[in-house]
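Peer 1: Please see the structure below; I have some questions.
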Protein chains: 4
Amino acid sequence: METVTFFGLGLMGQGMALRLLEGGYRLRVYNRTRDKAQPAVQKGAEFFKDPVSAVSSSTVLITMLSDDNAVKEVVNEQVLQELGQGNIHISMSTISPAAAQDLARRHGEKQVHYLGCPVFGRPDAARSGKLRLCIAGNQEAKTRVRPLLDVLGQEVYDFGSDPAAANVIKLAGNFLIISAIEAMSEAFSLVEKNGVDPNLLYDLVTQTLFACHVYQNHGKAILEQRFVPPGFRLALGSKDIRLVRDTARSSQVPMPLASLLEDRFLRSLANGRAEMDWSAIALDQRDSAGLSR
Amino acid sequence: METVTFFGLGLMGQGMALRLLEGGYRLRVYNRTRDKAQPAVQKGAEFFKDPVSAVSSSTVLITMLSDDNAVKEVVNEQVLQELGQGNIHISMSTISPAAAQDLARRHGEKQVHYLGCPVFGRPDAARSGKLRLCIAGNQEAKTRVRPLLDVLGQEVYDFGSDPAAANVIKLAGNFLIISAIEAMSEAFSLVEKNGVDPNLLYDLVTQTLFACHVYQNHGKAILEQRFVPPGFRLALGSKDIRLVRDTARSSQVPMPLASLLEDRFLRSLANGRAEMDWSAIALDQRDSAGLSR
Amino acid sequence: METVTFFGLGLMGQGMALRLLEGGYRLRVYNRTRDKAQPAVQKGAEFFKDPVSAVSSSTVLITMLSDDNAVKEVVNEQVLQELGQGNIHISMSTISPAAAQDLARRHGEKQVHYLGCPVFGRPDAARSGKLRLCIAGNQEAKTRVRPLLDVLGQEVYDFGSDPAAANVIKLAGNFLIISAIEAMSEAFSLVEKNGVDPNLLYDLVTQTLFACHVYQNHGKAILEQRFVPPGFRLALGSKDIRLVRDTARSSQVPMPLASLLEDRFLRSLANGRAEMDWSAIALDQRDSAGLSR
Amino acid sequence: METVTFFGLGLMGQGMALRLLEGGYRLRVYNRTRDKAQPAVQKGAEFFKDPVSAVSSSTVLITMLSDDNAVKEVVNEQVLQELGQGNIHISMSTISPAAAQDLARRHGEKQVHYLGCPVFGRPDAARSGKLRLCIAGNQEAKTRVRPLLDVLGQEVYDFGSDPAAANVIKLAGNFLIISAIEAMSEAFSLVEKNGVDPNLLYDLVTQTLFACHVYQNHGKAILEQRFVPPGFRLALGSKDIRLVRDTARSSQVPMPLASLLEDRFLRSLANGRAEMDWSAIALDQRDSAGLSR
């Protein structure tokens, strides 16, 4: 059984760490602030004040950090050196494919395996091992960590040997989710302003054409204007749509809907909604239509 | 049992007419061109060359025509006069709420009941009685035609007493569908241009987040570039997004995604794709990204 | 010298009517409300309560009305019959090319000349004969009314024999103006939110790259947030951008910037800015950027 | 008189270097490829193979490089060390305000003055000393280099003491230019597809509302479809609109028109137009409208 080090005990990371402990893994954790590590420490995790010590005797490093820069800074040369040849870094943060490629190259120089492994699912899914994991990278390394992944997720989707591929998929998936939120926001405001109860539209489409998770859950939240506490913070959604746009740019793919969404998020941020759920872009649509006056 | 007159034997109308005949209804049909009426006539429908004669002894008129103007022109004063007081017009075309209100008013003057009843479903659903019907209007009239509606659809959704409400819902529903097509088109092109097989994204999302009809069916068509024969013509989709925009305008609801879609359709029309399926807007996205060069 | 009838004594029409009176023309005026006709009547115009009587002995009819429907309703069959064969209607309202074509056809049936003649310029230019006139239609008719046009405008631009051509030009011109307003609104908010005084940008560009009327005047108004009283009402600007979009639609020309502008106007209307100057769309941009919080 | 080192002898830099030589300055030049330095060398400039040697005995460094990274890489620690305390770097490239701030900080550490000084003008203006210079930074340093700036430009605009302010202004200015190009592209295609000669629109507006440089020059190029050789390469325009968007992002300013423009550029790049003039985005609009079929 692998000895696992975990970096990043935010909303998602905490649940995942607890899950690994329950799965019988010996866990070493590092987090910028100690208090967030407390729940894991109480269940048996060992806390380290610096990332290098945290990886010193582990065979697998898992990171769940906020963005490209956080991963690049924390998983630096010394950490890779200490993690050591033949060991594996499972990188679960939502980062750009470009960052993933850069990280993979730097890992390769130290002969550490880099697996891209972003996840779909909210904190409750992290806590209960119901995440959906998108993995890509070296085949042997993927096989080796499979038991560990099965503890964290209900399903593992394999996207081949290029670690960045998993990140492309993750970004495209988040783009699809937020596009659905936008579409519902506009549709509901149209219906409401034409004197029809938007719940009727919701009931119709979520039982038929769109009888699926994203429409049912986010649609309900929008109609009930239930945006706090956030399942996924609008500020993080904004980061993801930015990564989508950046990836679109560098690959010369015009994405007018992604552009529209980025502006929608910027308006939401500029008007104080960073800490709400990302489906709160619906409030901006209501403002636009004069429905919140 | 009502005697039914049917106007408009296009792709949808033909299937509905045959379904009614199979359901035991006496059917009188009118269509601008006779050849499209042939299948129904062979099954026992009576063909009329003019709309007034066609409604002369019927208690229910069903229309399934192309747009606002077609309905207004064909269902004129004489037709209403001839259909006569106490009888019912079930208006199933996708028309604007504004046109529905205008029609309802004019029907009221002749004491004919006007029921707004747009449908969701493709020609095969029309043929097999699997449509989803969105009805609104006078309660008594709705009750009276319910047996007939049950022959045509698998489910009837009631949107109250204002006939235009059903049209608002229909437009909002079509907007949601085409928004999903747009989102997938952009996502697939992003994934493909970053060297990842878009089928992998499709498989992931249609089994999980978007395990529903619209994503599964349209997504598959986009990936296989299967746009002819059309399930729903792009030219008609363009008309519908125009109605969405017109309704948004008149109710002062900014809908940036709808605007983007209208331009997408205009580009598709200007480049010769009117007769393809409306999901062929994905081809325009491919052109945009240089994927079709 | 022609005897002139004038329909539509709004902000623009009043100035034009006074100008014609000062130019020595005998003027017969009609307006829905009498009070707006008062200034012209005091200078010698004859007021009529109905449009038919107003054109009975005139050789030229000028209309300056709010939109397509207003022109179509007021200049009806009886008015054309009364104006009579060989006489001329100079249609100065900003209307759609489609409406212009329809009007021209109906005038032709009565052998009345229809000249499309929309104008550029604000009420003060109307009052002082400084308008810029865009004329199109029958050559002989254009020559006949030229002296009259020279009283109203500082320059006449001829767009050929199809009356609708002048309307296309007028709509394209208004689109260019509002596009410049949008561009400045976004640029100023970017500059301001990055800690730089937007007046510095204004001073630089209006002395160099954009040393022209539209940037100088509207730019100043935006910076000073001087939107009342309106030079041109936002509600009317909204109508014009709608006509641009309608013309783009019917000719299958995607215009993403026009779409964006229409949504900007809808947001402005939905938030109570209909009676401000159309450059007040800059306020919506400020709201968007959180600058007005 | 200052001894000047010049980095970056592209289209713009070459003209500026020659101009300085003609102004009597002793010039030391560095460029990645030597051939581009040839014209300056022939007029007396001294060529250096590495940037450190090139600045060794100079009091002023001028850079005119392609982007943020180029400036950061070439003007590295050693170069700053060698340039030395009390000397001045005039940074004329169009770079992001964020990069300017970072550079200013790093210069400060070596007590080298960093002046932000992006320019408006094309290669012919660079060659003839007709540039417009936007300067910001330390007042004393600005005063010291003023004679040199007067050789390069017809006018110097001062934006205060924060070097990044000049870059914000430059980006906003370029955004205004490309917005005007977009507006004209859409307007011309609308007019043309409605059967009216777009030259008539051009003549009208460039004599009246838009009687200024940008509309006159770019409008003419668009109508004549004269996009090669480029005055300013579309690939560079794309970089600039990206910087606009990045600056908008980091300051939370939604800029829907800038977003639209970025997608327009991406479409143009994806379809092989990188080496044309940036006004060639008009070709994409023509494609969109089916005018180039």
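For the structure tokens, the naming scheme is as follows: chains receive sequential letters (A, B, ...) according to their order of presentation, residues are indexed from 1 within each chain, and ligands are indexed from 1 in presentation order.
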At a cut-off of 10 Å, using only C-alpha atoms, what residues contact Ser58 in chain A? Leave out same-chain residues fewer than 5 positions from it and give the result as number ranges by chain.
Peer 2: A: 2-6, 26-28, 53, 82-84, 87-88
Peer 1: Skip Arg132 in chain D itself and residues of its chain fewer than 5 positions away, then list as JSON, numbers by chain all residues within 7 Å of it, counting only C-alpha atoms.
Peer 2: {"D": [119, 120, 121, 153, 154, 155, 156]}
Peer 1: Which polymer residues have any atom within 12 Å of an atom of Glu73 in chain C, counting only C-alpha atoms, with same-chain residues fewer than 6 positions away left out, as a list in words?
Peer 2: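 The neighbour list is Phe7, Arg32, Pro51, Val52, Thr63, Leu65, Ser66, Asp67, Val79, Leu80, Ala99 and Leu103 of chain C.
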Peer 1: Would you list the contacts of Glu140 in chain A as number ranges by chain, taking every protein, DNA or RNA residue within 12 Å and counting only C-alpha atoms, but skipping same-chain residues closer than 3 positions in sequence?
Peer 2: A: 86-88, 113-115, 136-137, 143-146, 160-161
Peer 1: Which residues of chain A come within 12 Å of chain C, and for each one, what is the closest pair of atoms and their distance in Å to one decimal, counting only C-alpha atoms, sorted by chain and residue number, as CSV?
Peer 2:
residue,atom,partner,partner_atom,distance
A:Lys193,CA,C:Ala270,CA,10.6
A:Pro256,CA,C:Pro256,CA,9.9
A:Leu260,CA,C:Leu260,CA,10.1
A:Asp263,CA,C:Ser288,CA,9.0
A:Arg264,CA,C:Ser288,CA,9.0
A:Phe265,CA,C:Ser288,CA,10.3
A:Leu266,CA,C:Ala289,CA,7.7
A:Arg267,CA,C:Ser288,CA,5.1
A:Ser268,CA,C:Ser288,CA,8.2
A:Leu269,CA,C:Gly290,CA,8.5
A:Ala270,CA,C:Gly290,CA,4.8
A:Asn271,CA,C:Gly290,CA,5.3
A:Gly272,CA,C:Gly290,CA,8.4
A:Arg273,CA,C:Gly290,CA,11.2
A:Asp284,CA,C:Ser288,CA,9.3
A:Gln285,CA,C:Arg267,CA,9.6
A:Arg286,CA,C:Arg267,CA,10.1
A:Asp287,CA,C:Asn271,CA,8.2
A:Ser288,CA,C:Arg267,CA,5.1
A:Ala289,CA,C:Ala270,CA,5.5
A:Gly290,CA,C:Ala270,CA,4.8
A:Leu291,CA,C:Ala270,CA,8.3
A:Ser292,CA,C:Asn271,CA,9.6
A:Arg293,CA,C:Asn271,CA,7.7
Peer 1: Would you compute the distance between CA of Leu190 in chain D and CA of Gln252 in chain C? Give it in Å to one decimal.
Peer 2: 8.9 Å
Peer 1: Run DSSP on the backbone of this structure and report the residues of range 88-150 of chain D it assigns to alpha helix (DSSP H), as a PyMOL selection string.
Peer 2: chain D and resi 97-109+123-127+139-150
Peer 1: Generate the output file for the selected residues, C-alpha atoms, as a compact mmCIF listing (two decimals), in the first residue's frame.
Peer 2:
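Okay, out.txt is ready:
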# COMPACT_ATOMS: atom_id res chain seq x y z
CA PRO D 97 0.39 47.27 -17.47
CA ALA D 98 1.11 44.29 -15.22
CA ALA D 99 4.42 43.62 -16.98
CA ALA D 100 5.27 47.32 -16.81
CA GLN D 101 4.73 47.33 -13.05
CA ASP D 102 6.87 44.25 -12.64
CA LEU D 103 9.64 45.73 -14.78
CA ALA D 104 9.49 49.05 -12.92
CA ARG D 105 9.93 47.25 -9.61
CA ARG D 106 12.91 45.28 -10.87
CA HIS D 107 14.50 48.41 -12.35
CA GLY D 108 13.99 50.17 -9.03
CA GLU D 109 16.00 47.49 -7.28
CA PRO D 123 6.47 52.34 -39.57
CA ASP D 124 6.45 55.39 -41.87
CA ALA D 125 5.73 57.64 -38.89
CA ALA D 126 8.57 55.97 -36.99
CA ARG D 127 10.94 56.62 -39.89
CA GLN D 139 9.64 63.27 -13.73
CA GLU D 140 13.36 63.97 -13.76
CA ALA D 141 14.05 61.07 -16.09
CA LYS D 142 11.28 62.21 -18.39
CA THR D 143 12.81 65.68 -18.56
CA ARG D 144 16.26 64.28 -19.27
CA VAL D 145 15.12 62.19 -22.27
CA ARG D 146 12.80 64.82 -23.69
CA PRO D 147 15.21 65.99 -26.44
CA LEU D 148 15.57 62.42 -27.59
CA LEU D 149 11.79 61.89 -27.60
CA ASP D 150 11.38 65.02 -29.69
Peer 1: Any idea what the distance is between CA of Cys117 in chain C and CA of Cys134 in chain C?
Peer 2: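 Atom-to-atom, CA of Cys117 in chain C to CA of Cys134 in chain C, that is 5.1 Å.
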Peer 1: Using DSSP assignments from the backbone, pull out every residue in range 17-165 of chain C that falls under strand (DSSP E) and give it to me as a VMD selection string.
Peer 2: chain C and resid 26 to 30 46 to 48 60 to 63 88 to 91 113 to 116 119 to 120 131 to 135 153 to 158
Peer 1: How far is it from CA of Leu18 in chain B to CA of Glu46 in chain B, in Å with one decimal?
Peer 2: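 Result for CA of Leu18 in chain B versus CA of Glu46 in chain B: 12.2 Å, one decimal.
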Peer 1: Fewer than 3 positions away in the same chain doesn't count, so skip those; otherwise give me all residues within 10 Å of Ile222 in chain A, counting only C-alpha atoms, as a PyMOL selection string.
Peer 2: chain A and resi 181+184-185+188+217-219+225-227+279-283
Peer 1: Could you name the residues that touch Leu257 in chain B at 8 Å or less, counting only C-alpha atoms, but leaving out those on the same chain fewer than 2 positions away, as a list in words?
Peer 2: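 Final neighbour list, sorted by chain and number: Glu182, Ala183, Glu186, Leu257 and Leu260 of chain A; Ser179, Met255, Ser259, Leu260 and Leu261 of chain B.
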Peer 1: Let's have the selection written as a short mmCIF file (atom, residue, chain, number, x, y, z; two decimals), in the first residue's frame, with C-alpha atoms.
Peer 2:
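Okay, this is what ended up in result36.cif:
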data_model
loop_
_atom_site.label_atom_id
_atom_site.label_comp_id
_atom_site.auth_asym_id
_atom_site.auth_seq_id
_atom_site.Cartn_x
_atom_site.Cartn_y
_atom_site.Cartn_z
CA GLU A 182 -26.33 30.71 -18.38
CA ALA A 183 -28.94 29.25 -20.71
CA GLU A 186 -31.72 33.67 -19.61
CA LEU A 257 -20.15 31.58 -25.55
CA LEU A 260 -19.85 35.91 -22.98
CA SER B 179 -27.92 26.67 -26.37
CA MET B 255 -30.35 37.66 -23.69
CA SER B 259 -28.08 37.12 -29.58
CA LEU B 260 -24.97 35.06 -30.14
CA LEU B 261 -27.13 32.22 -31.41
#
Peer 1: Counting only C-alpha atoms, what is within 6 Å of Pro118 in chain B, bar same-chain residues fewer than 4 positions away, as a PDB file with all heavy atoms, in the first residue's frame?
Peer 2:
ATOM      1  N   MET B  92     -50.893  24.591 -32.913  1.00  0.00           N
ATOM      2  CA  MET B  92     -49.722  23.825 -32.503  1.00  0.00           C
ATOM      3  C   MET B  92     -48.406  24.332 -33.089  1.00  0.00           C
ATOM      4  O   MET B  92     -47.324  23.836 -32.739  1.00  0.00           O
ATOM      5  CB  MET B  92     -49.931  22.363 -32.872  1.00  0.00           C
ATOM      6  CG  MET B  92     -51.051  21.738 -32.013  1.00  0.00           C
ATOM      7  SD  MET B  92     -51.158  19.953 -32.277  1.00  0.00           S
ATOM      8  CE  MET B  92     -51.712  19.391 -30.650  1.00  0.00           C
ATOM      9  N   SER B  93     -48.476  25.316 -33.979  1.00  0.00           N
ATOM     10  CA  SER B  93     -47.256  25.855 -34.593  1.00  0.00           C
ATOM     11  C   SER B  93     -46.418  26.583 -33.541  1.00  0.00           C
ATOM     12  O   SER B  93     -46.938  27.048 -32.527  1.00  0.00           O
ATOM     13  CB  SER B  93     -47.629  26.863 -35.687  1.00  0.00           C
ATOM     14  OG  SER B  93     -48.760  26.418 -36.420  1.00  0.00           O
ATOM     15  N   THR B  94     -45.129  26.659 -33.786  1.00  0.00           N
ATOM     16  CA  THR B  94     -44.268  27.482 -32.938  1.00  0.00           C
ATOM     17  C   THR B  94     -44.373  28.916 -33.433  1.00  0.00           C
ATOM     18  O   THR B  94     -43.784  29.284 -34.446  1.00  0.00           O
ATOM     19  CB  THR B  94     -42.820  26.989 -32.993  1.00  0.00           C
ATOM     20  OG1 THR B  94     -42.769  25.650 -32.503  1.00  0.00           O
ATOM     21  CG2 THR B  94     -41.908  27.871 -32.145  1.00  0.00           C
ATOM     22  N   CYS B 134     -47.633  21.259 -24.992  1.00  0.00           N
ATOM     23  CA  CYS B 134     -47.702  22.367 -24.022  1.00  0.00           C
ATOM     24  C   CYS B 134     -48.983  23.136 -24.278  1.00  0.00           C
ATOM     25  O   CYS B 134     -49.051  23.895 -25.238  1.00  0.00           O
ATOM     26  CB  CYS B 134     -46.517  23.313 -24.208  1.00  0.00           C
ATOM     27  SG  CYS B 134     -44.938  22.509 -23.958  1.00  0.00           S
TER      28      CYS B 134
END
